[in-house]
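Listing of coords.csv; format and content: CSV, C-alpha atoms.
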chain,number,residue,atom,x,y,z
I,1,LEU,CA,-14.9,46.6,-7.4
I,2,ALA,CA,-15.9,48.0,-10.8
I,3,ARG,CA,-12.6,49.9,-11.0
I,4,ILE,CA,-10.7,46.7,-10.3
I,5,LEU,CA,-12.7,44.6,-12.8
I,6,LYS,CA,-12.3,47.0,-15.7
I,7,ARG,CA,-8.4,46.9,-15.6
I,8,SER,CA,-6.8,45.1,-18.5
I,9,ASP,CA,-3.8,44.2,-16.3
I,10,LEU,CA,-5.9,42.4,-13.8
I,11,CYS,CA,-4.0,39.1,-13.0
I,12,LEU,CA,-6.1,36.0,-12.9
I,13,SER,CA,-6.1,32.5,-14.4
I,14,ARG,CA,-9.5,32.5,-16.1
I,15,GLU,CA,-12.3,35.0,-16.7
I,16,GLU,CA,-14.6,32.7,-14.7
I,17,SER,CA,-12.8,34.0,-11.6
I,18,VAL,CA,-14.3,37.5,-12.3
I,19,LEU,CA,-17.8,36.1,-12.2
I,20,LYS,CA,-17.1,34.1,-9.1
I,21,GLY,CA,-15.7,37.2,-7.4
I,22,ILE,CA,-18.8,39.3,-8.4
I,23,PHE,CA,-21.3,36.8,-6.9
I,24,ASN,CA,-19.2,36.4,-3.8
I,25,TRP,CA,-19.2,40.2,-3.3
I,26,LEU,CA,-23.0,40.3,-3.9
I,27,SER,CA,-23.6,37.5,-1.3
I,28,VAL,CA,-22.4,39.8,1.5
I,29,SER,CA,-25.6,41.9,1.4
I,30,LYS,CA,-28.8,42.1,-0.7
I,31,ASP,CA,-28.3,45.8,-0.9
I,32,ARG,CA,-25.5,45.2,-3.4
I,33,ASN,CA,-27.8,43.4,-5.9
I,34,SER,CA,-28.6,46.7,-7.7
I,35,SER,CA,-24.9,46.9,-8.8
I,36,LEU,CA,-25.0,43.6,-10.6
I,37,GLY,CA,-25.9,44.9,-14.0
I,38,MET,CA,-23.1,47.5,-13.9
I,39,LEU,CA,-20.5,44.9,-12.7
I,40,LEU,CA,-21.5,42.4,-15.4
I,41,GLN,CA,-20.4,45.0,-18.0
I,42,HIS,CA,-16.8,44.4,-17.0
I,43,VAL,CA,-17.0,40.7,-17.6
I,44,ASP,CA,-15.3,39.5,-20.8
I,45,PHE,CA,-17.9,36.8,-21.7
I,46,GLN,CA,-16.0,35.9,-24.9
I,47,SER,CA,-13.2,34.6,-22.6
I,48,ILE,CA,-15.5,32.1,-20.8
I,49,SER,CA,-15.7,28.5,-21.9
I,50,VAL,CA,-18.7,27.3,-23.8
I,51,GLU,CA,-19.5,24.8,-21.0
I,52,ASN,CA,-19.7,27.6,-18.5
I,53,LEU,CA,-21.6,29.9,-20.8
I,54,LEU,CA,-24.3,27.2,-21.1
I,55,ARG,CA,-24.4,26.9,-17.4
I,56,LEU,CA,-24.8,30.6,-17.1
I,57,GLY,CA,-27.6,30.4,-19.6
I,58,ARG,CA,-29.5,28.2,-17.2
I,59,PHE,CA,-28.9,30.5,-14.3
I,60,THR,CA,-32.0,32.3,-13.2
I,61,LEU,CA,-31.8,36.0,-12.1
I,62,SER,CA,-34.7,38.4,-11.7
I,63,GLY,CA,-34.8,42.0,-12.8
I,64,PRO,CA,-32.8,43.9,-15.4
I,65,ALA,CA,-29.5,42.2,-14.3
I,66,GLY,CA,-30.9,38.8,-15.2
I,67,GLY,CA,-31.8,40.1,-18.7
I,68,HIS,CA,-28.4,41.6,-19.1
I,69,LEU,CA,-26.7,38.4,-18.1
I,70,GLN,CA,-28.8,36.3,-20.6
I,71,ARG,CA,-28.0,38.8,-23.5
I,72,GLU,CA,-24.3,38.7,-22.9
I,73,VAL,CA,-24.3,34.9,-22.7
I,74,ASN,CA,-26.4,34.5,-25.8
I,75,GLU,CA,-24.2,36.9,-27.7
I,76,ALA,CA,-21.0,35.1,-26.7
I,77,LEU,CA,-22.5,31.8,-27.8
I,78,ARG,CA,-23.7,33.3,-31.1
I,79,VAL,CA,-20.2,34.7,-31.9
I,80,ARG,CA,-18.7,31.3,-31.2
I,81,GLN,CA,-21.1,29.5,-33.6
I,82,ARG,CA,-20.7,32.1,-36.3
I,83,LYS,CA,-16.9,32.6,-36.3
I,84,ARG,CA,-15.3,29.8,-34.3
I,85,PRO,CA,-11.8,31.1,-34.8
I,86,GLN,CA,-9.1,28.4,-34.6
I,87,SER,CA,-6.3,30.2,-32.8
I,88,SER,CA,-5.6,32.8,-30.2
I,89,ASP,CA,-4.4,35.2,-32.9
I,90,ASP,CA,-8.1,35.6,-33.9
I,91,PHE,CA,-9.2,36.6,-30.4
I,92,GLN,CA,-8.2,39.5,-28.3
I,93,PRO,CA,-9.1,39.1,-24.6
I,94,LYS,CA,-9.7,42.1,-22.3
I,95,ARG,CA,-7.2,40.8,-19.8
I,96,ARG,CA,-3.7,40.8,-21.1
I,97,CYS,CA,-2.8,37.8,-19.0
I,98,LEU,CA,-5.3,35.5,-20.8
I,99,GLN,CA,-3.2,34.7,-23.8
I,100,HIS,CA,-4.2,31.1,-24.4
I,101,TRP,CA,-7.6,30.6,-26.0
I,102,SER,CA,-9.7,28.1,-27.9
I,103,PRO,CA,-13.3,28.3,-29.2
I,104,ASP,CA,-14.7,25.8,-26.7
I,105,LEU,CA,-12.4,26.1,-23.7
I,106,GLY,CA,-12.3,29.9,-23.6
I,107,ALA,CA,-9.2,31.9,-22.4
I,108,SER,CA,-6.6,31.0,-19.7
I,109,SER,CA,-3.4,32.4,-18.4
I,110,ASP,CA,-1.8,29.0,-18.7
I,111,ALA,CA,-1.5,26.8,-21.8
I,112,LEU,CA,-4.7,24.8,-22.4
I,113,GLY,CA,-2.8,21.6,-23.0
I,114,ARG,CA,0.4,19.9,-21.9
I,115,GLU,CA,2.3,16.8,-22.8
I,116,VAL,CA,1.4,13.9,-20.5
I,117,LEU,CA,3.6,11.2,-22.1
I,118,SER,CA,6.5,11.5,-24.5
I,119,ALA,CA,5.6,8.1,-26.0
I,120,PRO,CA,3.0,8.0,-28.8
I,121,CYS,CA,-0.2,6.1,-28.0
I,122,SER,CA,-2.5,4.2,-30.2
I,123,SER,CA,-5.7,3.6,-28.2
I,124,LEU,CA,-7.0,5.3,-25.0
I,125,CYS,CA,-9.6,4.1,-22.4
I,126,TRP,CA,-10.9,5.5,-19.1
I,127,HIS,CA,-11.5,3.3,-16.1
I,128,GLU,CA,-12.1,4.2,-12.4
I,129,GLY,CA,-10.2,7.5,-12.5
I,130,GLY,CA,-7.3,6.3,-14.6
I,131,ILE,CA,-6.4,6.6,-18.3
I,132,TYR,CA,-5.2,3.5,-20.0
I,133,ALA,CA,-3.3,3.5,-23.3
I,134,THR,CA,-1.6,1.2,-25.7
I,135,ASP,CA,1.7,2.4,-27.0
I,136,PHE,CA,3.4,1.2,-30.2
I,137,SER,CA,5.8,-1.1,-28.2
I,138,GLY,CA,3.4,-3.8,-27.0
I,139,ASN,CA,2.7,-2.1,-23.6
I,140,ILE,CA,-0.5,-1.0,-21.9
I,141,LEU,CA,0.2,2.1,-19.7
I,142,CYS,CA,-1.9,3.6,-16.9
I,143,TRP,CA,-1.8,7.0,-15.2
I,144,LYS,CA,-4.2,9.4,-13.4
I,145,PRO,CA,-4.9,12.9,-14.7
I,146,GLY,CA,-2.3,15.3,-13.3
I,147,ASP,CA,0.3,12.6,-12.8
I,148,ALA,CA,3.8,13.3,-14.0
I,149,ALA,CA,4.9,11.2,-17.0
I,150,ALA,CA,7.3,9.3,-14.7
I,151,ASN,CA,4.3,8.0,-12.7
I,152,ALA,CA,2.8,6.2,-15.7
I,153,ARG,CA,2.9,2.5,-14.9
I,154,ARG,CA,2.8,-0.6,-17.2
I,155,VAL,CA,0.0,-3.0,-16.6
I,156,VAL,CA,0.8,-5.2,-19.6
I,157,GLY,CA,4.1,-5.5,-21.5
I,158,GLN,CA,7.8,-5.3,-20.8
I,159,SER,CA,8.9,-6.3,-17.2
I,160,VAL,CA,5.3,-6.9,-16.1
I,161,ALA,CA,4.5,-10.2,-14.6
I,162,VAL,CA,1.6,-11.7,-16.6
I,163,THR,CA,0.7,-15.4,-16.7
I,164,GLY,CA,0.1,-16.2,-20.3
I,165,ILE,CA,0.4,-13.9,-23.3
I,166,ASN,CA,2.4,-10.8,-22.7
I,167,ASP,CA,3.9,-10.1,-26.2
I,168,LEU,CA,1.4,-7.7,-27.8
I,169,GLY,CA,2.1,-6.3,-31.3
I,170,GLN,CA,2.7,-2.7,-32.3
I,171,TYR,CA,-0.9,-1.9,-33.2
I,172,CYS,CA,-3.5,-2.6,-30.6
I,173,GLU,CA,-7.1,-1.5,-29.8
I,174,LEU,CA,-8.2,-1.3,-26.1
I,175,ALA,CA,-11.4,-1.7,-24.1
I,176,ILE,CA,-12.0,-2.2,-20.4
I,177,SER,CA,-15.0,-3.7,-18.7
I,178,PRO,CA,-16.6,-2.1,-15.5
I,179,THR,CA,-15.0,-4.9,-13.5
I,180,GLY,CA,-11.5,-4.1,-14.8
I,181,GLU,CA,-11.0,-6.8,-17.4
I,182,VAL,CA,-8.8,-5.5,-20.1
I,183,PHE,CA,-9.6,-6.5,-23.7
I,184,VAL,CA,-7.0,-5.9,-26.5
I,185,GLY,CA,-7.5,-6.3,-30.2
I,186,ASP,CA,-3.9,-7.3,-31.1
I,187,GLN,CA,-4.0,-6.4,-34.8
I,188,ASP,CA,-0.4,-7.5,-35.6
I,189,ASN,CA,-1.1,-11.0,-34.3
I,190,ALA,CA,-4.8,-11.1,-35.4
I,191,ARG,CA,-6.2,-12.0,-32.0
I,192,LEU,CA,-8.4,-10.8,-29.2
I,193,VAL,CA,-6.8,-11.1,-25.8
I,194,SER,CA,-8.2,-10.7,-22.3
I,195,PHE,CA,-6.1,-9.6,-19.3
I,196,GLU,CA,-7.4,-10.0,-15.7
I,197,ASN,CA,-5.9,-10.5,-12.3
I,198,GLY,CA,-2.4,-10.9,-13.7
I,199,SER,CA,-3.4,-13.6,-16.3
I,200,SER,CA,-4.2,-13.5,-20.0
I,201,ARG,CA,-6.1,-15.6,-22.5
I,202,VAL,CA,-6.9,-15.6,-26.2
I,203,LEU,CA,-10.6,-15.1,-26.8
I,204,LEU,CA,-10.5,-15.0,-30.6
I,205,GLY,CA,-8.0,-15.7,-33.3
I,206,ASP,CA,-9.0,-13.0,-35.8
I,207,PHE,CA,-8.2,-9.4,-36.8
I,208,VAL,CA,-10.1,-7.0,-34.6
I,209,ARG,CA,-10.6,-3.6,-36.3
I,210,THR,CA,-12.0,-1.9,-33.1
I,211,LEU,CA,-13.8,-2.8,-29.9
I,212,PHE,CA,-15.8,-1.3,-27.1
I,213,CYS,CA,-17.1,-2.5,-23.7
I,214,SER,CA,-20.5,-1.2,-22.8
I,215,PRO,CA,-21.3,0.1,-19.2
I,216,ALA,CA,-23.2,-3.2,-18.8
I,217,GLY,CA,-19.9,-5.1,-19.3
I,218,VAL,CA,-20.8,-6.4,-22.8
I,219,LEU,CA,-17.8,-6.5,-25.3
I,220,TYR,CA,-18.7,-5.4,-28.8
I,221,VAL,CA,-16.2,-5.8,-31.7
I,222,LEU,CA,-15.9,-5.0,-35.4
I,223,LEU,CA,-13.7,-7.4,-37.2
I,224,SER,CA,-11.8,-6.9,-40.5
I,225,GLY,CA,-14.0,-5.1,-43.0
I,226,GLY,CA,-16.2,-3.5,-40.3
I,227,ARG,CA,-19.4,-4.8,-41.9
I,228,VAL,CA,-20.6,-6.9,-38.9
I,229,VAL,CA,-21.1,-5.8,-35.3
I,230,GLN,CA,-20.6,-8.7,-32.9
I,231,LYS,CA,-20.7,-9.1,-29.1
I,232,LEU,CA,-18.9,-11.6,-26.9
I,233,VAL,CA,-21.3,-14.1,-25.3
I,234,GLY,CA,-19.3,-16.5,-23.1
I,235,SER,CA,-16.4,-17.5,-25.3
I,236,THR,CA,-18.1,-17.0,-28.7
I,237,LEU,CA,-19.0,-14.0,-30.8
I,238,GLN,CA,-22.7,-13.4,-31.6
I,239,THR,CA,-23.7,-11.3,-34.5
I,240,VAL,CA,-25.7,-8.2,-33.6
I,241,ILE,CA,-25.9,-6.3,-36.9
I,242,ASP,CA,-24.8,-7.4,-40.3
I,243,ALA,CA,-24.6,-4.6,-42.9
I,244,GLU,CA,-25.6,-7.0,-45.6
I,245,THR,CA,-29.0,-7.5,-44.1
I,246,LEU,CA,-29.8,-3.7,-44.1
I,247,PRO,CA,-31.2,-1.5,-46.9
I,248,ALA,CA,-28.6,-0.1,-49.2
I,249,ASP,CA,-28.8,3.4,-47.6
I,250,LEU,CA,-28.2,2.0,-44.1
I,251,GLN,CA,-25.3,-0.3,-44.9
I,252,PHE,CA,-22.0,0.6,-43.2
I,253,GLU,CA,-18.3,0.0,-42.9
I,254,GLY,CA,-17.7,0.6,-39.2
I,255,TYR,CA,-14.5,2.3,-38.2
I,256,ALA,CA,-15.3,3.0,-34.5
I,257,ILE,CA,-18.0,1.9,-32.1
I,258,ALA,CA,-19.6,3.1,-28.9
I,259,VAL,CA,-22.4,1.5,-26.9
I,260,THR,CA,-24.6,3.0,-24.1
I,261,LYS,CA,-25.7,1.3,-20.9
I,262,GLU,CA,-29.1,0.7,-22.7
I,263,GLU,CA,-27.0,-1.2,-25.4
I,264,VAL,CA,-27.8,1.5,-28.0
I,265,ILE,CA,-25.0,1.1,-30.6
I,266,TYR,CA,-23.3,4.1,-32.3
I,267,LEU,CA,-21.0,3.5,-35.3
I,268,HIS,CA,-18.5,5.8,-37.1
I,269,ASP,CA,-19.3,4.8,-40.7
I,270,HIS,CA,-16.1,4.9,-42.7
I,271,ALA,CA,-18.0,4.3,-45.9
I,272,SER,CA,-20.2,7.4,-45.8

Could you show the structure in this file as structure tokens?
Amino acid sequence: LARILKRSDLCLSREESVLKGIFNWLSVSKDRNSSLGMLLQHVDFQSISVENLLRLGRFTLSGPAGGHLQREVNEALRVRQRKRPQSSDDFQPKRRCLQHWSPDLGASSDALGREVLSAPCSSLCWHEGGIYATDFSGNILCWKPGDAAANARRVVGQSVAVTGINDLGQYCELAISPTGEVFVGDQDNARLVSFENGSSRVLLGDFVRTLFCSPAGVLYVLLSGGRVVQKLVGSTLQTVIDAETLPADLQFEGYAIAVTKEEVIYLHDHAS
């Protein structure tokens, strides 16, 4: 096994496969555990993703092999933090097949990214296993990860049967509640629109800079200027935070917003 693992022409999709193979081989018999330290020397830890390195760091192994694993993991993470090269040209993997690399995702034999849609998108949102996006043509598209571009479907926009408003502008911000209600900040037409069960309604006639629906189903918005955070209560907006009421060092001009299930608000402060 060691002779196989040391080969630079070993064909695999990711270096994580080497670790998986080692531990599968060890699981056959406890007598093989003494070989673990020697086998780990043939793992290219720099090719492993940061997420999996952190998982390995939490993995408990007894004896010298456990110490060796922790040292390799810590060194790989230390190099990432110190150098963080930005392209595969700065990184030379042990396996010739692993030519695609990024600081966080590690190395792969396949390209780390691919085009999902040829149409540019303005705002993205995730809901129940699907990705929703507003394009620049007044449409809201939906597709599942791994779907071909041709499988993306329109849920709002051209040729979609919607009772009520279905003529969104070019620039739109998107949020979706846990129940599936779609909220759109239609900036060209200065309005906040709700879409649900094939129908739409205007909730607010004002310019919405950005919006976010919390896991509890509460819609938060930042209007023009980004100085006031408001939430939708029934059919009216209720002020949650007004920058003008805060000390000078805490005042903000919000550009983006996120809210946890505990209703803790995070703002991207465009002014700081």

task = Would you be able to write out as a PyMOL selection string which residues have an atom within 6 Å of (-9.3, -11.6, -31.9) in the file's coordinates, counting all atoms listed in the file?
result = chain I and resi 185+190-192+204-208

key: Between atom CA of I:Trp126 and atom CA of I:Leu168 - distance in Å to one decimal   = 20.0 Å

Within 7 Å of I:Phe183 using all atoms listed in the file, minus same-chain residues under 4 positions, as a PyMOL selection string = chain I and resi 174-176+193-195

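Nearest-residue note for I:Phe212: choosing from I:Thr134, I:Cys125, I:Ala161, I:Lys30, the minimum distance belongs to I:Cys125, counting all atoms listed in the file.
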
query = What lies within 9 Å of I:Glu16 using only C-alpha atoms, ignoring chain neighbours under 5 positions off, as a ChimeraX atom specification?
reply = /I:21,43,45,47-49,52

query = Which value, in Å to one decimal, gives the distance between atom CA of I:Ala248 and atom CA of I:Arg209?
reply =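 According to the coordinates, atom CA of I:Ala248 and atom CA of I:Arg209 are separated by 22.4 Å.
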
ask   = Separation of atom CA of I:Ala119 and atom CA of I:Gly157, in Å?
value =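 Those two atoms sit 14.4 Å apart.
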
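Between I:Ser214 and the candidates I:Asp242, I:Glu181, I:Glu262, I:Asp167, the tightest atom-to-atom separation, counting only C-alpha atoms, involves I:Glu262.
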
task = Find, counting all atoms listed in the file, the residue in I:Ile265, I:Pro178, I:Ser224, I:Pro103 that gets nearest to I:Glu51.
result =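 Using all atoms listed in the file, the shortest distance to I:Glu51 belongs to I:Pro103.
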
ask   = Neighbours of I:Gly254 within 12 Å (all atoms listed in the file; same-chain residues fewer than 3 positions away dropped), as a PyMOL selection string?
value = chain I and resi 208-211+221-230+241-243+250-251+257-258+265-272

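Residues within 12 Å of I:Ile4, counting all atoms listed in the file and excluding same-chain residues fewer than 3 positions away, are Leu1, Arg7, Ser8, Asp9, Leu10, Cys11, Leu12, Val18, Gly21, Ile22, Leu39, His42, Val43 and Arg95 of chain I.
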
request  = Choose the residue, out of I:Met38, I:Leu69, I:Val50, I:Ala111, that has the smallest atom-to-atom separation from I:Ser13; count all atoms listed in the file.
outcome  = I:Ala111

key: From I:Gly169, I:Val162, I:Val240, I:Pro120, residue lying nearest I:Gly198 [all atoms listed in the file]   =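 Looking at the shortest contact to I:Gly198, the residue is I:Val162.
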
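For the set I:Val160, I:Gln41, I:Leu19, I:Leu117, the residue with the smallest atom-to-atom gap to I:Pro145 is I:Leu117, counting all atoms listed in the file.
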
message = Counting all atoms listed in the file, which residues sit no farther than 12 Å from the position (-7.8, 40.1, -26.9) in the file's frame? I'd like them as number ranges by chain.
response = I: 8, 44-47, 87-101, 106-108
